[in-house]
$ cat input.cif   # mmCIF, C-alpha atoms
data_work
#
loop_
_atom_site.label_atom_id
_atom_site.label_comp_id
_atom_site.auth_asym_id
_atom_site.auth_seq_id
_atom_site.Cartn_x
_atom_site.Cartn_y
_atom_site.Cartn_z
CA MET M 11 -5.65 1.87 -66.90
CA LYS M 12 -6.51 2.55 -70.54
CA ILE M 13 -8.14 5.92 -70.79
CA GLY M 14 -9.82 7.38 -73.87
CA ILE M 15 -10.34 11.11 -74.20
CA LEU M 16 -13.38 12.30 -76.16
CA GLY M 17 -12.84 16.00 -76.65
CA SER M 18 -9.12 16.67 -76.60
CA GLY M 19 -9.33 20.38 -75.82
CA ASN M 20 -8.19 22.20 -72.70
CA VAL M 21 -9.82 19.88 -70.21
CA GLY M 22 -9.34 16.62 -72.11
CA GLY M 23 -5.79 17.54 -73.09
CA THR M 24 -4.78 18.50 -69.60
CA LEU M 25 -6.26 15.45 -67.94
CA GLY M 26 -5.06 13.01 -70.56
CA LYS M 27 -1.51 14.34 -70.37
CA ARG M 28 -1.40 14.18 -66.59
CA TRP M 29 -2.83 10.69 -66.48
CA ALA M 30 -0.35 9.54 -69.12
CA GLN M 31 2.49 11.03 -67.11
CA ALA M 32 1.15 9.13 -64.11
CA GLY M 33 1.61 5.90 -66.03
CA HIS M 34 -1.76 5.31 -67.69
CA GLN M 35 -2.28 4.55 -71.36
CA VAL M 36 -4.16 7.40 -72.98
CA LEU M 37 -5.88 7.69 -76.34
CA PHE M 38 -6.82 11.18 -77.51
CA SER M 39 -9.64 11.13 -80.05
CA VAL M 40 -9.24 13.15 -83.23
CA ARG M 41 -11.52 13.51 -86.23
CA GLU M 42 -8.84 14.30 -88.82
CA ALA M 43 -5.17 15.19 -88.55
CA PRO M 44 -4.54 16.32 -84.96
CA PRO M 45 -4.09 20.07 -84.46
CA ALA M 46 -0.63 21.35 -83.49
CA ALA M 47 -1.60 21.88 -79.85
CA LEU M 48 -2.69 18.28 -79.49
CA VAL M 49 0.47 17.01 -81.17
CA GLU M 50 2.43 18.90 -78.54
CA THR M 51 0.20 17.58 -75.77
CA VAL M 52 0.77 14.02 -76.89
CA ARG M 53 4.52 14.63 -77.07
CA GLN M 54 4.55 15.98 -73.52
CA ALA M 55 2.35 13.13 -72.37
CA GLY M 56 5.07 10.65 -73.26
CA PRO M 57 5.10 7.14 -74.68
CA GLY M 58 1.82 6.14 -73.03
CA ALA M 59 -0.23 8.54 -75.17
CA LYS M 60 -1.34 8.64 -78.80
CA THR M 61 -4.16 9.85 -80.98
CA ALA M 62 -6.90 7.73 -82.52
CA SER M 63 -10.31 8.06 -84.12
CA VAL M 64 -13.30 8.50 -81.86
CA ALA M 65 -14.36 4.90 -82.37
CA GLU M 66 -10.84 3.52 -81.81
CA THR M 67 -10.44 5.68 -78.74
CA ALA M 68 -13.58 4.28 -77.20
CA ARG M 69 -12.92 0.69 -78.27
CA GLY M 70 -9.35 0.77 -76.91
CA SER M 71 -10.22 2.21 -73.51
CA ASP M 72 -11.59 0.96 -70.22
CA ILE M 73 -12.43 4.46 -69.16
CA VAL M 74 -13.73 7.20 -71.45
CA LEU M 75 -13.46 10.81 -70.44
CA LEU M 76 -16.18 12.92 -72.06
CA ALA M 77 -14.76 16.42 -72.24
CA THR M 78 -16.40 17.82 -75.33
CA PRO M 79 -18.38 21.01 -75.50
CA TRP M 80 -21.90 20.22 -74.36
CA ASP M 81 -23.40 20.63 -77.84
CA ALA M 82 -20.96 18.04 -79.20
CA ALA M 83 -21.42 15.48 -76.44
CA GLN M 84 -24.33 13.52 -77.87
CA GLN M 85 -22.70 13.17 -81.28
CA ALA M 86 -19.35 12.17 -79.79
CA LEU M 87 -20.99 9.41 -77.80
CA GLY M 88 -22.88 8.29 -80.88
CA SER M 89 -19.62 8.04 -82.83
CA ALA M 90 -17.96 6.13 -80.01
CA GLY M 91 -19.85 2.92 -80.76
CA ASP M 92 -20.84 0.39 -78.13
CA LEU M 93 -19.99 1.64 -74.66
CA THR M 94 -21.57 -1.21 -72.74
CA GLY M 95 -19.62 -1.80 -69.55
CA LYS M 96 -17.28 1.16 -70.04
CA ILE M 97 -16.76 3.79 -67.43
CA VAL M 98 -17.60 7.20 -68.83
CA ILE M 99 -16.41 10.19 -66.84
CA ASP M 100 -18.70 13.03 -67.75
CA ALA M 101 -16.73 16.23 -67.23
CA THR M 102 -19.05 18.36 -69.33
CA ASN M 103 -21.18 21.21 -68.19
CA PRO M 104 -24.37 22.05 -70.08
CA LEU M 105 -23.41 25.68 -70.46
CA LEU M 106 -25.51 28.12 -72.41
CA PRO M 107 -23.52 29.49 -75.36
CA ASP M 108 -22.87 32.84 -73.63
CA LEU M 109 -21.90 31.14 -70.34
CA SER M 110 -24.80 32.92 -68.65
CA GLY M 111 -26.13 29.74 -67.12
CA LEU M 112 -26.98 26.11 -67.58
CA ALA M 113 -29.06 24.73 -70.41
CA VAL M 114 -30.28 21.86 -68.26
CA GLY M 115 -32.21 22.37 -65.05
CA THR M 116 -32.19 20.64 -61.72
CA THR M 117 -34.91 18.17 -62.63
CA ILE M 118 -32.43 16.60 -64.98
CA SER M 119 -28.70 16.91 -65.54
CA ALA M 120 -26.18 16.59 -68.27
CA GLY M 121 -24.81 13.58 -66.38
CA GLU M 122 -28.10 11.76 -66.53
CA LYS M 123 -28.61 12.61 -70.18
CA VAL M 124 -25.15 11.25 -70.89
CA ALA M 125 -26.18 8.03 -69.15
CA GLN M 126 -29.23 7.79 -71.43
CA TRP M 127 -27.12 8.30 -74.52
CA ALA M 128 -24.20 6.08 -73.46
CA LYS M 129 -26.36 2.99 -73.22
CA GLY M 130 -24.98 0.35 -70.91
CA ALA M 131 -22.06 2.48 -69.76
CA LYS M 132 -21.25 3.23 -66.13
CA VAL M 133 -21.39 6.99 -66.10
CA VAL M 134 -19.62 8.94 -63.35
CA LYS M 135 -19.96 12.67 -63.24
CA ALA M 136 -16.66 14.20 -62.22
CA LEU M 137 -13.95 16.66 -63.10
CA ASN M 138 -16.40 19.29 -64.16
CA THR M 139 -16.08 21.64 -61.21
CA VAL M 140 -12.81 23.48 -61.76
CA GLY M 141 -11.02 24.82 -64.82
CA PHE M 142 -8.37 22.98 -66.70
CA ASN M 143 -5.67 25.19 -65.21
CA VAL M 144 -6.49 23.80 -61.78
CA MET M 145 -6.63 20.28 -63.17
CA ALA M 146 -3.17 20.90 -64.58
CA ASP M 147 -1.83 21.65 -61.14
CA PRO M 148 -4.19 21.30 -58.18
CA ARG M 149 -1.54 22.27 -55.63
CA PHE M 150 -2.66 25.19 -53.50
CA GLU M 151 -1.33 26.33 -50.19
CA GLY M 152 -3.90 25.06 -47.72
CA GLY M 153 -5.06 22.39 -50.18
CA PRO M 154 -5.89 19.81 -51.46
CA VAL M 155 -8.61 21.01 -53.80
CA ALA M 156 -11.82 18.96 -53.61
CA MET M 157 -13.09 17.08 -56.64
CA PHE M 158 -16.58 15.66 -56.55
CA TYR M 159 -17.73 12.59 -58.34
CA CYS M 160 -21.09 10.87 -58.48
CA GLY M 161 -22.51 7.84 -60.19
CA ASP M 162 -24.62 4.74 -59.81
CA ASP M 163 -21.94 2.04 -60.05
CA GLY M 164 -19.70 1.56 -57.03
CA GLU M 165 -16.83 -0.09 -58.85
CA ALA M 166 -16.80 2.60 -61.52
CA LYS M 167 -16.81 5.27 -58.87
CA ARG M 168 -13.85 3.70 -57.04
CA ALA M 169 -11.88 3.62 -60.27
CA VAL M 170 -12.66 7.24 -61.03
CA ALA M 171 -11.81 8.26 -57.46
CA SER M 172 -8.41 6.69 -57.95
CA LEU M 173 -7.86 8.66 -61.13
CA ILE M 174 -8.91 11.83 -59.40
CA ALA M 175 -6.42 11.15 -56.62
CA ASP M 176 -3.75 10.63 -59.29
CA LEU M 177 -4.26 14.25 -60.24
CA GLY M 178 -3.66 15.51 -56.73
CA PHE M 179 -7.28 16.29 -55.86
CA GLU M 180 -9.16 15.02 -52.85
CA PRO M 181 -11.87 12.80 -54.36
CA LEU M 182 -15.26 13.36 -52.76
CA ASP M 183 -18.07 10.90 -53.32
CA ALA M 184 -21.18 13.01 -53.83
CA GLY M 185 -23.62 10.12 -54.22
CA PRO M 186 -25.61 8.81 -57.20
CA LEU M 187 -25.54 10.17 -60.71
CA SER M 188 -28.58 12.34 -60.12
CA GLN M 189 -26.29 14.46 -57.95
CA ALA M 190 -24.93 15.81 -61.22
CA ARG M 191 -27.89 18.17 -60.91
CA LEU M 192 -25.92 19.77 -58.08
CA LEU M 193 -22.38 19.41 -59.37
CA GLU M 194 -23.24 21.15 -62.62
CA PRO M 195 -24.50 24.31 -60.93
CA PHE M 196 -21.46 24.13 -58.64
CA ALA M 197 -19.31 24.16 -61.73
CA MET M 198 -21.25 27.12 -63.07
CA LEU M 199 -20.52 28.90 -59.81
CA TRP M 200 -16.80 28.27 -60.17
CA ILE M 201 -16.92 29.43 -63.79
CA SER M 202 -18.79 32.61 -63.04
CA MET M 203 -16.51 33.48 -60.12
CA ALA M 204 -13.40 32.73 -62.14
CA LEU M 205 -14.39 34.49 -65.34
CA LYS M 206 -16.94 37.11 -64.42
CA TYR M 207 -16.77 38.15 -60.79
CA GLY M 208 -13.11 38.91 -60.35
CA TYR M 209 -11.65 35.87 -58.60
CA GLY M 210 -9.62 34.69 -61.55
CA ARG M 211 -9.08 31.12 -62.67
CA ASP M 212 -6.67 30.18 -59.88
CA ILE M 213 -9.28 29.26 -57.34
CA GLY M 214 -10.53 25.99 -55.93
CA PHE M 215 -12.46 24.73 -52.97
CA ARG M 216 -11.25 22.55 -50.18
CA LEU M 217 -13.43 20.44 -47.94
CA LEU M 218 -12.84 21.27 -44.29
CA ARG M 219 -13.77 18.72 -41.63
CA ARG M 220 -13.66 18.57 -37.90
CA ALA M 221 -14.78 16.27 -35.15
CA GLY M 222 -18.41 17.13 -34.55
CA ASN M 223 -21.41 16.17 -32.53
CA ALA M 224 -23.58 15.08 -35.40
CA MET P 25 -27.47 47.17 -37.16
CA LYS P 26 -31.07 46.23 -36.40
CA ILE P 27 -31.70 42.73 -37.63
CA GLY P 28 -35.05 40.97 -37.82
CA ILE P 29 -35.27 37.20 -38.00
CA LEU P 30 -38.19 35.69 -39.91
CA GLY P 31 -38.11 32.01 -39.05
CA SER P 32 -36.50 31.62 -35.63
CA GLY P 33 -35.58 27.96 -35.97
CA ASN P 34 -32.13 26.40 -36.11
CA VAL P 35 -30.72 28.73 -38.73
CA GLY P 36 -32.51 31.90 -37.67
CA GLY P 37 -31.91 31.21 -34.00
CA THR P 38 -28.22 30.51 -34.45
CA LEU P 39 -27.56 33.53 -36.62
CA GLY P 40 -29.66 35.91 -34.56
CA LYS P 41 -27.94 34.87 -31.36
CA ARG P 42 -24.48 35.25 -32.80
CA TRP P 43 -25.23 38.62 -34.32
CA ALA P 44 -26.72 39.81 -31.04
CA GLN P 45 -23.61 38.65 -29.21
CA ALA P 46 -21.57 40.61 -31.75
CA GLY P 47 -23.41 43.76 -30.70
CA HIS P 48 -26.32 43.98 -33.12
CA GLN P 49 -29.95 44.50 -32.12
CA VAL P 50 -31.94 41.43 -33.05
CA LEU P 51 -35.68 40.82 -33.21
CA PHE P 52 -36.85 37.22 -33.43
CA SER P 53 -40.30 36.90 -34.97
CA VAL P 54 -42.87 34.74 -33.20
CA ARG P 55 -46.51 34.04 -34.02
CA GLU P 56 -47.71 33.30 -30.49
CA ALA P 57 -45.90 32.72 -27.21
CA PRO P 58 -42.28 31.85 -28.05
CA PRO P 59 -41.34 28.17 -27.67
CA ALA P 60 -38.96 27.24 -24.87
CA ALA P 61 -36.00 26.83 -27.21
CA LEU P 62 -36.40 30.34 -28.52
CA VAL P 63 -36.76 31.77 -25.01
CA GLU P 64 -33.41 30.17 -24.20
CA THR P 65 -31.89 31.47 -27.44
CA VAL P 66 -32.98 35.00 -26.63
CA ARG P 67 -31.57 34.67 -23.11
CA GLN P 68 -28.22 33.53 -24.46
CA ALA P 69 -28.28 36.26 -27.06
CA GLY P 70 -28.20 38.88 -24.34
CA PRO P 71 -29.79 42.30 -23.91
CA GLY P 72 -29.68 43.14 -27.63
CA ALA P 73 -32.26 40.48 -28.51
CA LYS P 74 -36.00 40.09 -28.01
CA THR P 75 -39.03 38.53 -29.65
CA ALA P 76 -41.72 40.35 -31.61
CA SER P 77 -44.53 39.68 -34.06
CA VAL P 78 -43.64 39.16 -37.68
CA ALA P 79 -44.83 42.63 -38.60
CA GLU P 80 -43.00 44.28 -35.69
CA THR P 81 -39.87 42.35 -36.49
CA ALA P 82 -39.86 43.60 -40.04
CA ARG P 83 -40.85 47.15 -39.16
CA GLY P 84 -38.18 47.42 -36.47
CA SER P 85 -35.31 46.10 -38.58
CA ASP P 86 -32.99 47.45 -41.24
CA ILE P 87 -32.07 43.94 -42.28
CA VAL P 88 -34.45 40.99 -42.39
CA LEU P 89 -33.12 37.46 -42.40
CA LEU P 90 -35.52 35.07 -44.11
CA ALA P 91 -34.83 31.67 -42.57
CA THR P 92 -38.21 29.98 -42.72
CA PRO P 93 -38.90 26.64 -44.31
CA TRP P 94 -39.37 27.24 -48.01
CA ASP P 95 -43.11 26.53 -47.94
CA ALA P 96 -43.57 29.21 -45.27
CA ALA P 97 -41.46 31.87 -46.95
CA GLN P 98 -44.09 33.53 -49.11
CA GLN P 99 -46.55 33.82 -46.25
CA ALA P 100 -43.92 35.14 -43.84
CA LEU P 101 -43.01 37.88 -46.29
CA GLY P 102 -46.68 38.69 -46.81
CA SER P 103 -47.13 39.08 -43.04
CA ALA P 104 -44.05 41.27 -42.78
CA GLY P 105 -45.75 44.27 -44.35
CA ASP P 106 -43.97 46.87 -46.45
CA LEU P 107 -40.36 45.87 -47.06
CA THR P 108 -39.49 48.68 -49.41
CA GLY P 109 -35.85 49.61 -48.98
CA LYS P 110 -35.12 46.82 -46.50
CA ILE P 111 -32.31 44.37 -46.98
CA VAL P 112 -33.65 40.82 -47.00
CA ILE P 113 -31.10 38.06 -46.59
CA ASP P 114 -32.62 34.99 -48.17
CA ALA P 115 -31.09 32.00 -46.43
CA THR P 116 -33.77 29.58 -47.57
CA ASN P 117 -33.38 26.62 -49.84
CA PRO P 118 -36.33 25.45 -51.92
CA LEU P 119 -36.02 21.88 -50.74
CA LEU P 120 -38.45 19.19 -51.74
CA PRO P 121 -40.21 17.83 -48.65
CA ASP P 122 -38.10 14.64 -48.61
CA LEU P 123 -34.85 16.58 -49.14
CA SER P 124 -34.36 14.68 -52.39
CA GLY P 125 -33.75 17.82 -54.38
CA LEU P 126 -34.79 21.35 -55.13
CA ALA P 127 -38.33 22.41 -55.93
CA VAL P 128 -37.11 25.28 -58.05
CA GLY P 129 -34.91 24.79 -61.09
CA THR P 130 -32.01 26.69 -62.53
CA THR P 131 -34.17 28.88 -64.76
CA ILE P 132 -35.42 30.53 -61.61
CA SER P 133 -34.39 30.47 -57.97
CA ALA P 134 -35.88 30.85 -54.57
CA GLY P 135 -33.84 34.04 -54.23
CA GLU P 136 -35.46 35.59 -57.27
CA LYS P 137 -38.92 34.51 -56.18
CA VAL P 138 -38.27 36.10 -52.81
CA ALA P 139 -37.36 39.30 -54.63
CA GLN P 140 -40.69 39.18 -56.47
CA TRP P 141 -42.62 38.69 -53.26
CA ALA P 142 -40.65 41.17 -51.13
CA LYS P 143 -41.54 44.10 -53.36
CA GLY P 144 -39.10 46.98 -53.18
CA ALA P 145 -36.68 45.14 -50.89
CA LYS P 146 -32.99 44.66 -51.61
CA VAL P 147 -32.72 40.91 -51.56
CA VAL P 148 -29.37 39.24 -50.99
CA LYS P 149 -29.10 35.49 -51.17
CA ALA P 150 -26.71 34.30 -48.49
CA LEU P 151 -26.20 32.01 -45.53
CA ASN P 152 -27.96 29.14 -47.21
CA THR P 153 -24.96 26.97 -48.01
CA VAL P 154 -23.97 25.36 -44.71
CA GLY P 155 -25.93 24.01 -41.75
CA PHE P 156 -26.71 25.95 -38.65
CA ASN P 157 -24.06 24.03 -36.70
CA VAL P 158 -21.39 25.54 -38.94
CA MET P 159 -22.99 28.96 -38.67
CA ALA P 160 -22.83 28.54 -34.91
CA ASP P 161 -19.09 28.08 -35.06
CA PRO P 162 -17.37 28.38 -38.43
CA ARG P 163 -13.92 27.76 -37.03
CA PHE P 164 -12.18 24.88 -38.77
CA GLU P 165 -8.54 24.04 -38.87
CA GLY P 166 -7.45 25.23 -42.29
CA GLY P 167 -10.37 27.66 -42.47
CA PRO P 168 -12.06 30.10 -42.83
CA VAL P 169 -15.21 28.58 -44.29
CA ALA P 170 -16.50 30.35 -47.38
CA MET P 171 -19.93 31.97 -47.39
CA PHE P 172 -21.37 33.14 -50.68
CA TYR P 173 -23.73 36.00 -51.14
CA CYS P 174 -25.35 37.43 -54.25
CA GLY P 175 -27.72 40.26 -54.99
CA ASP P 176 -28.47 43.19 -57.23
CA ASP P 177 -27.82 46.07 -54.82
CA GLY P 178 -24.20 46.89 -54.04
CA GLU P 179 -24.84 48.66 -50.77
CA ALA P 180 -27.04 45.85 -49.49
CA LYS P 181 -24.39 43.33 -50.46
CA ARG P 182 -21.67 45.21 -48.61
CA ALA P 183 -23.82 45.29 -45.49
CA VAL P 184 -24.53 41.58 -45.71
CA ALA P 185 -20.86 40.83 -46.34
CA SER P 186 -20.05 42.63 -43.12
CA LEU P 187 -22.57 40.53 -41.22
CA ILE P 188 -21.17 37.39 -42.73
CA ALA P 189 -17.69 38.42 -41.63
CA ASP P 190 -19.07 39.01 -38.14
CA LEU P 191 -19.86 35.32 -38.01
CA GLY P 192 -16.33 34.29 -38.85
CA PHE P 193 -16.92 33.26 -42.46
CA GLU P 194 -15.04 34.53 -45.46
CA PRO P 195 -17.69 36.45 -47.44
CA LEU P 196 -17.57 35.71 -51.16
CA ASP P 197 -19.42 37.91 -53.61
CA ALA P 198 -20.99 35.53 -56.12
CA GLY P 199 -22.56 38.19 -58.34
CA PRO P 200 -26.18 39.18 -58.98
CA LEU P 201 -29.24 37.66 -57.42
CA SER P 202 -29.76 35.29 -60.32
CA GLN P 203 -26.70 33.47 -59.01
CA ALA P 204 -29.01 32.07 -56.37
CA ARG P 205 -29.73 29.49 -59.06
CA LEU P 206 -26.24 28.22 -58.34
CA LEU P 207 -26.01 28.80 -54.62
CA GLU P 208 -29.17 26.82 -53.98
CA PRO P 209 -27.87 23.65 -55.66
CA PHE P 210 -24.57 24.20 -53.84
CA ALA P 211 -26.51 24.17 -50.60
CA MET P 212 -28.28 21.01 -51.68
CA LEU P 213 -24.86 19.46 -52.25
CA TRP P 214 -23.75 20.36 -48.73
CA ILE P 215 -27.00 19.02 -47.32
CA SER P 216 -26.81 15.74 -49.16
CA MET P 217 -23.17 15.20 -48.23
CA ALA P 218 -23.81 16.09 -44.61
CA LEU P 219 -26.98 14.10 -44.11
CA LYS P 220 -26.97 11.34 -46.68
CA TYR P 221 -23.51 10.50 -47.97
CA GLY P 222 -21.58 10.06 -44.78
CA TYR P 223 -19.61 13.27 -44.32
CA GLY P 224 -21.58 14.45 -41.31
CA ARG P 225 -22.67 17.99 -40.55
CA ASP P 226 -19.23 19.27 -39.54
CA ILE P 227 -18.04 20.13 -43.01
CA GLY P 228 -17.53 23.34 -44.88
CA PHE P 229 -15.71 24.60 -47.93
CA ARG P 230 -12.86 27.01 -48.09
CA LEU P 231 -11.87 29.05 -51.11
CA LEU P 232 -8.25 28.46 -52.02
CA ARG P 233 -6.42 31.05 -54.10
CA ARG P 234 -2.97 31.41 -55.54
CA ALA P 235 -1.09 33.76 -57.79
CA GLY P 236 -1.94 32.63 -61.30
CA ASN P 237 -1.40 33.41 -64.90
CA ALA P 238 -5.00 34.17 -65.74
#

$ encode --input "input.cif" --output "C-alpha cells"
Amino acid sequence: MKIGILGSGNVGGTLGKRWAQAGHQVLFSVREAPPAALVETVRQAGPGAKTASVAETARGSDIVLLATPWDAAQQALGSAGDLTGKIVIDATNPLLPDLSGLAVGTTISAGEKVAQWAKGAKVVKALNTVGFNVMADPRFEGGPVAMFYCGDDGEAKRAVASLIADLGFEPLDAGPLSQARLLEPFAMLWISMALKYGYGRDIGFRLLRRAGNA
Amino acid sequence: MKIGILGSGNVGGTLGKRWAQAGHQVLFSVREAPPAALVETVRQAGPGAKTASVAETARGSDIVLLATPWDAAQQALGSAGDLTGKIVIDATNPLLPDLSGLAVGTTISAGEKVAQWAKGAKVVKALNTVGFNVMADPRFEGGPVAMFYCGDDGEAKRAVASLIADLGFEPLDAGPLSQARLLEPFAMLWISMALKYGYGRDIGFRLLRRAGNA
C-alpha cells in the first residue's frame, strides 16, 4: 500500500520506517528541508520511502497516518488537500500541553474531530495507545501486544488492521469511530503509567481470552 | 479485614464472596429482606459473611466497596452515614442508561464525585475495569489479568492492592484519584468489547513488561 505520514516525528517516523521495511511505499511529509533524524529514518526505511510536501504526501497515498502533535493536526489536514476516499489513521491523542490529561472529553473525541476536518475521508482511530518505542518493536514475552482500532468504514478498518498486524501487534476492532472517546483515555493511561507512575515506557497490554459461558 | 459491600449485585456479590472465602469478614448491605440470589451468595461465602443494613454495613467495615449502579451511588453513600477515615473502593462506572457511553467526562470522574460525596473517606477507584465473571475467576492462560487502582491516600491504596491481589489479579497503581477519568473509559472499552463488539465477557488485559532503554 501507499502510505503517507503526516507528522514525521517519533510515532510517524517509527511506523513509516517499519511499514516501508515491510514492503509498503511510504511518503514522509516535510515542510522544508528534512531534519537530520528524518533523513536517517528514510535511509533506514529503504528504497520504498521518501520525503514529500504535505500536499504531495496526501495526494500520493492511499492511507494517511496522522501522527502530528494534537495542536498541529487541524492545520496538517487542511494543508493535505482533498482527502475524499482516503483512509486516515488518527494516531493522535488530544493531550493537554503538560500531559496532565486530555483536552477533549468523552462526549467527543479527537478521532471524531479529525473526521469532521478530513471531509470525505474514512477515519480510523488506531496506533495511539502505546509509545513509539513499543511500535518500533512490539515483541514482549507473553505477547502479542494489543492494538485497538475503531472507525465507521469496514473496508478501511480491514486495511488498517492489516497494517497493524504488519507491525506485530494483535489488531483489535473496538467498534465505530466514536469509540475513540475510550481509546484516547486508554492512551492517556498508558502515557501516565509509562512516564509518571514508574512503569517505564516498555509496557504494553495483551488481550487474554478463554472459553467462557457468556 | 472487615469489608462492607454497598450494592450486592453481580459485582458486589462476586467480590464479597471471594473475599469472604479468602478469610475476610464481609457485610453485604440490603434494604429489606435479602433476595434469594444474595442469600445463596452469603451461604457460599461461608461463616465470614452476613447481610446488614446499609448503615450497619458501613459502620461495621474498615473498607467499603461501592458497587451500586451509578444512579444509586450518591444515595447509597448518603445512607451509609459517617465515612470519615474509611476506605471506599469505587468500582462503579458512570454508564449512560443504554450503555452507549459515560455520563461523566474526562474533566471529572465518578471516582472524584464519590470522593466529594463520601466526605472524609479515602476513596480508591478500582475493580471497575472488568466484568464480574472475570472477578469471579481471573485465571487466564497467559495471565494474570491486570487490575488498576488509583487514589490519593497511600495507605488506603496499599490495602486495596492487597485485596486485589487476594482475588488473583495483578494490582497496578495508576496514580491519584483523578486517574479515574482514565480508568472509567477503560472500563467502558472492556464493556463495549465484551457486550457489543463480539469478544464476549471472558476477556481481560495483562500488563506486559520487558527490560527497556527508557

$ atom_distance --input "input.cif" --atom1 "CA of Ala166 (chain M)" --atom2 "CA of Gly121 (chain M)"
14.4 Å

$ interface_residues --input "input.cif" --of "chain P" --to "chain M" --cutoff "7 Å" --atoms "only C-alpha atoms" --output "list in words"
Gly129, Thr130, Thr131, Phe164, Gly166, Ala198, Gly199, Leu206, Pro209, Phe210, Met212, Leu213, Met217, Tyr221, Gly224, Arg225, Asp226, Ile227, Gly228, Phe229, Arg230, Leu231, Leu232, Arg233, Arg234, Ala235, Gly236 and Ala238 of chain P

$ write_last_selection --input "input.cif" --atoms "C-alpha atoms" --output "PDB file, in the frame of the given file"
ATOM      1  CA  GLY P 129     -34.910  24.790 -61.090  1.00  0.00           C
ATOM      2  CA  THR P 130     -32.010  26.690 -62.530  1.00  0.00           C
ATOM      3  CA  THR P 131     -34.170  28.880 -64.760  1.00  0.00           C
ATOM      4  CA  PHE P 164     -12.180  24.880 -38.770  1.00  0.00           C
ATOM      5  CA  GLY P 166      -7.450  25.230 -42.290  1.00  0.00           C
ATOM      6  CA  ALA P 198     -20.990  35.530 -56.120  1.00  0.00           C
ATOM      7  CA  GLY P 199     -22.560  38.190 -58.340  1.00  0.00           C
ATOM      8  CA  LEU P 206     -26.240  28.220 -58.340  1.00  0.00           C
ATOM      9  CA  PRO P 209     -27.870  23.650 -55.660  1.00  0.00           C
ATOM     10  CA  PHE P 210     -24.570  24.200 -53.840  1.00  0.00           C
ATOM     11  CA  MET P 212     -28.280  21.010 -51.680  1.00  0.00           C
ATOM     12  CA  LEU P 213     -24.860  19.460 -52.250  1.00  0.00           C
ATOM     13  CA  MET P 217     -23.170  15.200 -48.230  1.00  0.00           C
ATOM     14  CA  TYR P 221     -23.510  10.500 -47.970  1.00  0.00           C
ATOM     15  CA  GLY P 224     -21.580  14.450 -41.310  1.00  0.00           C
ATOM     16  CA  ARG P 225     -22.670  17.990 -40.550  1.00  0.00           C
ATOM     17  CA  ASP P 226     -19.230  19.270 -39.540  1.00  0.00           C
ATOM     18  CA  ILE P 227     -18.040  20.130 -43.010  1.00  0.00           C
ATOM     19  CA  GLY P 228     -17.530  23.340 -44.880  1.00  0.00           C
ATOM     20  CA  PHE P 229     -15.710  24.600 -47.930  1.00  0.00           C
ATOM     21  CA  ARG P 230     -12.860  27.010 -48.090  1.00  0.00           C
ATOM     22  CA  LEU P 231     -11.870  29.050 -51.110  1.00  0.00           C
ATOM     23  CA  LEU P 232      -8.250  28.460 -52.020  1.00  0.00           C
ATOM     24  CA  ARG P 233      -6.420  31.050 -54.100  1.00  0.00           C
ATOM     25  CA  ARG P 234      -2.970  31.410 -55.540  1.00  0.00           C
ATOM     26  CA  ALA P 235      -1.090  33.760 -57.790  1.00  0.00           C
ATOM     27  CA  GLY P 236      -1.940  32.630 -61.300  1.00  0.00           C
ATOM     28  CA  ALA P 238      -5.000  34.170 -65.740  1.00  0.00           C
TER      29      ALA P 238
END

$ atom_distance --input "input.cif" --atom1 "CA of Asp190 (chain P)" --atom2 "CA of Gly144 (chain P)"
26.3 Å

$ residues_around --input "input.cif" --residues "Lys26 (chain P)" --least-positions-apart "6" --cutoff "10 Å" --atoms "all atoms listed in the file" --output "count of residues only"
16

$ closest_residue --input "input.cif" --among "M:Ala32, M:Val133, M:Val52, M:Leu16" --to "Gly178 (chain M)" --atoms "only C-alpha atoms"
M:Ala32

$ resolve_selection --input "input.cif" --expression "the PyMOL selection byres ((chain P and resi 32) around 9)" --output "MDAnalysis selection string"
chainID P and resid 29:31 33:38 40 52:54 62 91:92

$ atom_distance --input "input.cif" --atom1 "CA of Ile113 (chain P)" --atom2 "CA of Gly175 (chain P)"
9.3 Å

$ resolve_selection --input "input.cif" --expression "the PyMOL selection byres ((chain P and resi 188) around 10)" --output "PDB file with C-alpha atoms, in the coordinates of the input"
ATOM      1  CA  LEU P  39     -27.560  33.530 -36.620  1.00  0.00           C
ATOM      2  CA  TRP P  43     -25.230  38.620 -34.320  1.00  0.00           C
ATOM      3  CA  ALA P 150     -26.710  34.300 -48.490  1.00  0.00           C
ATOM      4  CA  LEU P 151     -26.200  32.010 -45.530  1.00  0.00           C
ATOM      5  CA  MET P 159     -22.990  28.960 -38.670  1.00  0.00           C
ATOM      6  CA  ALA P 170     -16.500  30.350 -47.380  1.00  0.00           C
ATOM      7  CA  MET P 171     -19.930  31.970 -47.390  1.00  0.00           C
ATOM      8  CA  PHE P 172     -21.370  33.140 -50.680  1.00  0.00           C
ATOM      9  CA  TYR P 173     -23.730  36.000 -51.140  1.00  0.00           C
ATOM     10  CA  ARG P 182     -21.670  45.210 -48.610  1.00  0.00           C
ATOM     11  CA  ALA P 183     -23.820  45.290 -45.490  1.00  0.00           C
ATOM     12  CA  VAL P 184     -24.530  41.580 -45.710  1.00  0.00           C
ATOM     13  CA  ALA P 185     -20.860  40.830 -46.340  1.00  0.00           C
ATOM     14  CA  SER P 186     -20.050  42.630 -43.120  1.00  0.00           C
ATOM     15  CA  LEU P 187     -22.570  40.530 -41.220  1.00  0.00           C
ATOM     16  CA  ALA P 189     -17.690  38.420 -41.630  1.00  0.00           C
ATOM     17  CA  ASP P 190     -19.070  39.010 -38.140  1.00  0.00           C
ATOM     18  CA  LEU P 191     -19.860  35.320 -38.010  1.00  0.00           C
ATOM     19  CA  GLY P 192     -16.330  34.290 -38.850  1.00  0.00           C
ATOM     20  CA  PHE P 193     -16.920  33.260 -42.460  1.00  0.00           C
ATOM     21  CA  GLU P 194     -15.040  34.530 -45.460  1.00  0.00           C
ATOM     22  CA  PRO P 195     -17.690  36.450 -47.440  1.00  0.00           C
ATOM     23  CA  LEU P 196     -17.570  35.710 -51.160  1.00  0.00           C
TER      24      LEU P 196
END

$ resolve_selection --input "input.cif" --expression "the PyMOL selection byres ((chain P and resi 105) around 12)" --output "number ranges by chain"
P: 77-84, 88, 98-104, 106-108, 110, 141-145
